[in-house]
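Inspection log for the structure reproduced underneath, given as structure tokens.
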Amino acid sequence: MTLKQTPLNADHRAMGAKMVDFGGWDMPLHYGSQLDEHHQVRNDAGMFDVSHMRVVDLKGADVRDFLRYLLANNVDKLQSPGKALYSCLLRQDGGIIDDLIVYFMNESWFRIVVNAGTADKDIAWMKEQASAHAPQLQITPRNDLAMIAVQGPNAATKLWAALPGSQKISEGLKPFNAAELDAFFIARTGYTGEDGFEIILPSTAASALWQALHDAGVKPIGLGARDTLRLEAGMNLYGHDMDETTNPIESGLAWTIDLASERDFIGKTALLGQPRSRKLVGLVLQTRGVLRDHQAVHSSHGDGEITSGSFSPTLNQSIALARVPAAVEIGDLVQVAVRDKMLTAKVVKYPFVRNGKGLI
């Protein structure tokens with residue numbers, strides 16, 4: 001099978017990246033040291049190629065009404081241009097098709113960014129729902145766009161040095177807001193728990209910006225460090241911490257569901273009727289060892305499973321997200337099956353790290 005490539009594929013190879021198959025995409029795992037890259041983002045600034053994620057533009061007079069029905073979170077929260085909202089895309093039974101970010105551009109144009117592995121499924125679902133509820137709506141996958149994330153405490157100053165004009169339009173942006181600079185769409189969002197931006201731009205301009213950022217002292221970061229950074233930040237990964245067999249309530253995403261308004265949305269009836277038997281918690285291993293995905297978790301209230309686990313370079317200990325019985329409380333001790341041993345872990349409130357600081 002031929003792997004798909006982002007517009008920055010040649011740039012990754014020129015910078016010495018170790019490339020791997022990531023869901024059918026040829027992507028950089030690291031550029032030498034995953035550990036160094038992790039600390040680079042926590043302490044300075046790093047850049048990620050996230051061009052495999054899919055930008056989808058929805059346009060039409062009825063786009064807001066359609067999104068009110070399509071998404072679990074309420075797009076009525078989006079009233080100013082560039083404002084963003086995190087939401088889940090649900091099945092009728094409440095299962096999570098994907099998690100996404102939606103941006104309000106104007107009353108006839110919203111922009112959605114979906115995950116790479118679920119993009120085709122997401123778009124097919126959107127079109128299926130639109131055919132029944134908003135047949136005049138235009139749903140356009142923007143395959144002509146790339147996406148670069150710049151993250152870290154020095155991300156802003158280094159982006160401004162690399163991209164003339166960006167400081168003026170982005171310096172005052174609060175998190176989950178975006179602004180346009182010619183063909184560049186600059187959002188103060190990210191997946192690391194640090195300050196930074198995600199820049200959506202024409203594919204033809206991606207290599208030049210990547211090189212300009214590198215010249216400004218922003219180092220490239222691979223998928224390996226991206227995963228440990230997002231885990232420390234307590235951010236869900238689709239296919240691990242949530243999927244179509246789980247709902248937002250048991251995935252730590254109840255805050256993304258708007259049940260206060262009277263609007264109906266796909267999955268609402270199912271969510272209201274489901275018992276809250278499981279929840280997502282943080283775990284910190286109390287002994288030597290490493291927590292990994294799918295390890296069994298045993299508590300006095302029943303069994304659960306680690307959904308994402310790794311060694312935390314910032315905390316210098318092993319951490320995890322785990323789905324456990326709802327009766328498990330913060331501060332409880334549980335047992336995790338690590339190979340042939342049962343190791344003790346403490347239940348904690350996540351995120352584990354935010355803005356470079358340990359929180360546990």
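By convention in this document, the chains of the structure tokens carry letters A, B, ... by their order, each chain's residues are numbered from 1, and ligands are numbered from 1 in the order they are shown.
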Residue contacts of region 99-106 of chain A (6 Å, only C-alpha atoms) excluding same-chain residues fewer than 6 positions away, as an MDAnalysis selection string | chainID A and resid 81:88 112:114
Write out as a PDB file with C-alpha atoms, in the first residue's frame all residues of region 59-194 of chain A that DSSP puts in strand (DSSP E) for this structure's backbone.
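Below is the file out36.pdb, written as the result:
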ATOM      1  CA  LYS A  59     -21.342  26.708   3.827  1.00  0.00           C
ATOM      2  CA  ALA A  84     -13.741  27.939  18.221  1.00  0.00           C
ATOM      3  CA  LEU A  85     -15.576  25.158  20.031  1.00  0.00           C
ATOM      4  CA  TYR A  86     -14.515  21.615  20.895  1.00  0.00           C
ATOM      5  CA  SER A  87     -17.225  18.999  20.407  1.00  0.00           C
ATOM      6  CA  CYS A  88     -17.968  15.356  19.801  1.00  0.00           C
ATOM      7  CA  LEU A  89     -19.711  14.022  16.715  1.00  0.00           C
ATOM      8  CA  LEU A  90     -22.105  11.349  17.965  1.00  0.00           C
ATOM      9  CA  ILE A  96     -18.412   8.917  19.572  1.00  0.00           C
ATOM     10  CA  ILE A  97     -17.786   9.052  15.835  1.00  0.00           C
ATOM     11  CA  ASP A  98     -15.014  11.618  16.354  1.00  0.00           C
ATOM     12  CA  ASP A  99     -13.933  14.627  18.374  1.00  0.00           C
ATOM     13  CA  LEU A 100     -13.365  17.862  16.489  1.00  0.00           C
ATOM     14  CA  ILE A 101     -12.947  21.624  16.594  1.00  0.00           C
ATOM     15  CA  VAL A 102     -15.481  23.860  14.853  1.00  0.00           C
ATOM     16  CA  TYR A 103     -14.761  27.504  13.989  1.00  0.00           C
ATOM     17  CA  PHE A 104     -17.324  30.214  13.299  1.00  0.00           C
ATOM     18  CA  MET A 105     -16.280  32.171  10.220  1.00  0.00           C
ATOM     19  CA  ASN A 106     -19.580  33.930   9.418  1.00  0.00           C
ATOM     20  CA  TRP A 109     -19.593  29.497   6.849  1.00  0.00           C
ATOM     21  CA  PHE A 110     -18.285  27.268   9.621  1.00  0.00           C
ATOM     22  CA  ARG A 111     -14.970  25.416   9.474  1.00  0.00           C
ATOM     23  CA  ILE A 112     -14.415  22.015  11.110  1.00  0.00           C
ATOM     24  CA  VAL A 113     -11.105  20.218  11.736  1.00  0.00           C
ATOM     25  CA  VAL A 114     -11.433  16.442  12.143  1.00  0.00           C
ATOM     26  CA  GLN A 138     -22.141  22.680   0.822  1.00  0.00           C
ATOM     27  CA  ILE A 139     -19.686  20.367   2.610  1.00  0.00           C
ATOM     28  CA  THR A 140     -16.190  20.764   1.184  1.00  0.00           C
ATOM     29  CA  PRO A 141     -13.096  18.830   2.333  1.00  0.00           C
ATOM     30  CA  LEU A 145      -4.790  23.071   2.883  1.00  0.00           C
ATOM     31  CA  ALA A 146      -1.977  22.081   5.239  1.00  0.00           C
ATOM     32  CA  MET A 147      -1.711  22.523   8.993  1.00  0.00           C
ATOM     33  CA  ILE A 148       1.280  23.280  11.233  1.00  0.00           C
ATOM     34  CA  ALA A 149       1.149  23.474  15.041  1.00  0.00           C
ATOM     35  CA  VAL A 150       3.661  25.600  16.961  1.00  0.00           C
ATOM     36  CA  GLN A 151       3.632  24.850  20.681  1.00  0.00           C
ATOM     37  CA  ALA A 178      -8.508  32.422  15.490  1.00  0.00           C
ATOM     38  CA  ALA A 179      -7.733  35.211  13.060  1.00  0.00           C
ATOM     39  CA  GLU A 180      -6.936  35.392   9.358  1.00  0.00           C
ATOM     40  CA  LEU A 181      -3.754  36.768   7.824  1.00  0.00           C
ATOM     41  CA  PHE A 184      -3.248  31.957   6.706  1.00  0.00           C
ATOM     42  CA  PHE A 185      -5.735  30.968   9.414  1.00  0.00           C
ATOM     43  CA  ILE A 186      -4.042  31.247  12.825  1.00  0.00           C
ATOM     44  CA  ALA A 187      -5.792  29.617  15.799  1.00  0.00           C
TER      45      ALA A 187
END
Residues of region 48-124 of chain A that approach region 8-28 of chain A to 9 Å or less, counting only C-alpha atoms: could you list each one with the shortest pair of atoms and its distance in Å to one decimal, rows by chain and increasing residue number, as a tab-separated table?
residue	atom	partner	partner_atom	distance
A:Asp49	CA	A:Leu8	CA	7.3
A:Ser51	CA	A:Leu8	CA	8.3
A:His52	CA	A:Trp25	CA	7.3
A:Ala116	CA	A:Gly23	CA	7.9
A:Gly117	CA	A:Gly23	CA	6.1
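Note that CA of Leu35 (chain A) and CA of Val290 (chain A) are 15.3 Å apart.
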Near Gln211 (chain A), within 12 Å and counting only C-alpha atoms, which residues show up once chain neighbours fewer than 2 positions away are dropped, as a list in words?
->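 Using only C-alpha atoms, the neighbours found are Leu8, Ala10, Asp11, His12, Ala14, Met15, Met47, Ile148, Leu159, Ala162, Leu163, Ala205, Ala206, Ser207, Ala208, Leu209, Leu213, His214, Asp215, Ala216, Gly217, Val218, Lys219 and Pro220 of chain A.
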Which one of A:Val281, A:Leu253, A:Ala270, A:Ala322 sits closest to Gln295 (chain A) if you count only C-alpha atoms?
->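 So, comparing all the options, the nearest one is A:Ala322.
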A:Ser312, A:Thr344, A:Asn73, A:Asn43: which is nearest Gly152 (chain A), counting only C-alpha atoms?
-> A:Asn43
Quick one: of A:Pro175, A:Pro7, A:Pro202, A:Pro135, who's nearest to Val63 (chain A), counting only C-alpha atoms?
->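 Among A:Pro175, A:Pro7, A:Pro202, A:Pro135, it is A:Pro135 that comes nearest to Val63 (chain A).
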Two-atom distance - CA of Gly252 (chain A), CA of Gly282 (chain A) (Å) =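 Straight-line distance from CA of Gly252 (chain A) to CA of Gly282 (chain A) works out to 10.3 Å.
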Could you write out, as number ranges by chain, all the residues of region 81-245 of chain A that DSSP marks as alpha helix (DSSP H)?
-> A: 119-133, 155-162, 166-170, 203-215, 223-232
Provide the CA of Gly304 (chain A) to CA of Val336 (chain A) distance in Å, to one decimal place.
-> 9.4 Å
